[in-house]
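**Student:** The structure that follows is given in the form of structure tokens.
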Amino acid sequence: MIYRNIKRNLPKNLEAHKDERGEIFDIFYKDNIEHVAIIDSKPNTLRGNHFHKETTQHMLMTKGSLEYWYKEVNSDEVKMKLLKEGDLVSTPPYEIHALKILEDGNQFLVFSQGIRGGKNYEDDTYRVESIFPK
């Protein structure tokens, strides 16, 4: 998992621009993004509990918050990162990820590098038992 806030932690190849009209923040530049989806989640729900073998996903929080749970496929160590508006998390192949939507619900954009859209939405999705702590 790679984490950054799009307004505070810009990689060297990205830029931010600000003037009297507002701000513009680069999210990606010269990346091979093959699919983008917007996801609205109801409060107190769970998503995920899967991994991808070929696809890297980037999640950008646009509203609300969530607990992002993750672990490597062959690891027992589960970690959690609280994501809020403006946070971007990147999930590489073979990393199990699960989302706990909090009481305010949320909205996020998913940018995918690999198979993850249209009729191929589930082609690179491998479901697993829940990684949420009991």
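The chains in the structure tokens are called A, B, ... from first to last as shown; in each chain the residues are counted from 1, and the ligands are counted from 1 in the order shown.
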Could you make a table, as a Markdown table, of the residues of range 65-99 of chain A that have an atom within 12 Å of an atom of range 110-120 of chain A, each with its nearest atom pair and distance in Å to one decimal, counting only C-alpha atoms, in chain and number order?
**Tutor:**
```
| residue | atom | partner | partner_atom | distance |
| --- | --- | --- | --- | --- |
| A:Leu88 | CA | A:Val110 | CA | 9.6 |
| A:Val89 | CA | A:Val110 | CA | 9.7 |
| A:Ser90 | CA | A:Phe111 | CA | 9.2 |
| A:Thr91 | CA | A:Ser112 | CA | 9.6 |
| A:Pro92 | CA | A:Gln113 | CA | 9.6 |
| A:Pro93 | CA | A:Gly114 | CA | 9.8 |
```
**Student:** Can you tell me which residues surround Phe51 in chain A at a distance of at most 9 Å, considering only C-alpha atoms, apart from same-chain residues fewer than 5 positions away, and format the answer as a list in words?
**Tutor:** Val73, Thr91, Pro92, Pro93, Tyr94, Glu95, Ile96, His97, Asp124, Thr125, Tyr126, Arg127 and Val128 of chain A
**Student:** Nearest to Trp69 in chain A: which of A:Leu83, A:Ile24, A:Ile33, A:Leu99 is it, counting only C-alpha atoms?
**Tutor:**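 Of A:Leu83, A:Ile24, A:Ile33, A:Leu99, the one nearest Trp69 in chain A is A:Leu99, counting only C-alpha atoms.
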**Student:** Mind pulling up the distance from CA of Glu15 in chain A to CA of Leu109 in chain A?
**Tutor:**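 Separation of CA of Leu109 in chain A and CA of Glu15 in chain A: 19.8 Å.
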**Student:** Would you list the contacts of Lys42 in chain A as a PDB file with C-alpha atoms, in the first residue's frame, taking every protein, DNA or RNA residue within 8 Å and counting only C-alpha atoms, but skipping same-chain residues closer than 3 positions in sequence?
**Tutor:**
```pdb
ATOM      1  CA  THR A  45     -20.971  -1.164   5.192  1.00  0.00           C
ATOM      2  CA  ILE A 101     -17.218   2.405   5.557  1.00  0.00           C
ATOM      3  CA  ASP A 104     -20.837   9.150   7.527  1.00  0.00           C
ATOM      4  CA  GLY A 105     -20.742   7.015   4.363  1.00  0.00           C
ATOM      5  CA  ASN A 106     -18.360   8.081   1.638  1.00  0.00           C
TER       6      ASN A 106
END
```
**Student:** Can you tell me, as number ranges by chain, which residues in chain A count as strand (DSSP E) by DSSP?
**Tutor:** A: 2-5, 16-19, 22-25, 35-41, 46-51, 56-72, 79-84, 87-91, 95-113, 126-127
**Student:** Please report the interatomic distance between CA of Glu122 in chain A and CA of Asn32 in chain A in Å with one decimal.
**Tutor:**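 So the answer is 19.5 Å.
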**Student:** I'd like to know which of A:Lys63, A:Asp123, A:His58, A:Asn13 is closest to Gly86 in chain A, using only C-alpha atoms.
**Tutor:** A:Lys63
**Student:** Quick one: pull the distance between CA of His35 in chain A and CA of Val78 in chain A, Å, one decimal.
**Tutor:**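 CA of Val78 in chain A lies at a distance of 27.5 Å from CA of His35 in chain A.
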**Student:** Could you check the closest approach to Leu10 in chain A for each of A:Glu129, A:Glu103, A:Asp87, A:Glu34 and tell me which residue wins, using only C-alpha atoms?
**Tutor:**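 Closest to Leu10 in chain A of all the choices is A:Asp87.
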**Student:** Which of these, A:Leu102, A:Met61, A:Met1, A:Ile27, has the shortest distance to Pro43 in chain A once you count only C-alpha atoms?
**Tutor:** A:Leu102
**Student:** Would you list the contacts of Met80 in chain A as a PyMOL selection string, taking every protein, DNA or RNA residue within 7 Å and counting only C-alpha atoms, but skipping same-chain residues closer than 3 positions in sequence?
**Tutor:** chain A and resi 67-70
**Student:** Could you check the closest approach to Ala98 in chain A for each of A:Ser130, A:Asn5, A:Leu14, A:Leu60 and tell me which residue wins, using only C-alpha atoms?
**Tutor:** A:Ser130
**Student:** Between A:Lys81, A:Lys30, A:His17, A:Lys71, which residue has the minimum interatomic distance to Asn49 in chain A, considering only C-alpha atoms?
**Tutor:**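 Closest to Asn49 in chain A of all the choices is A:Lys71.
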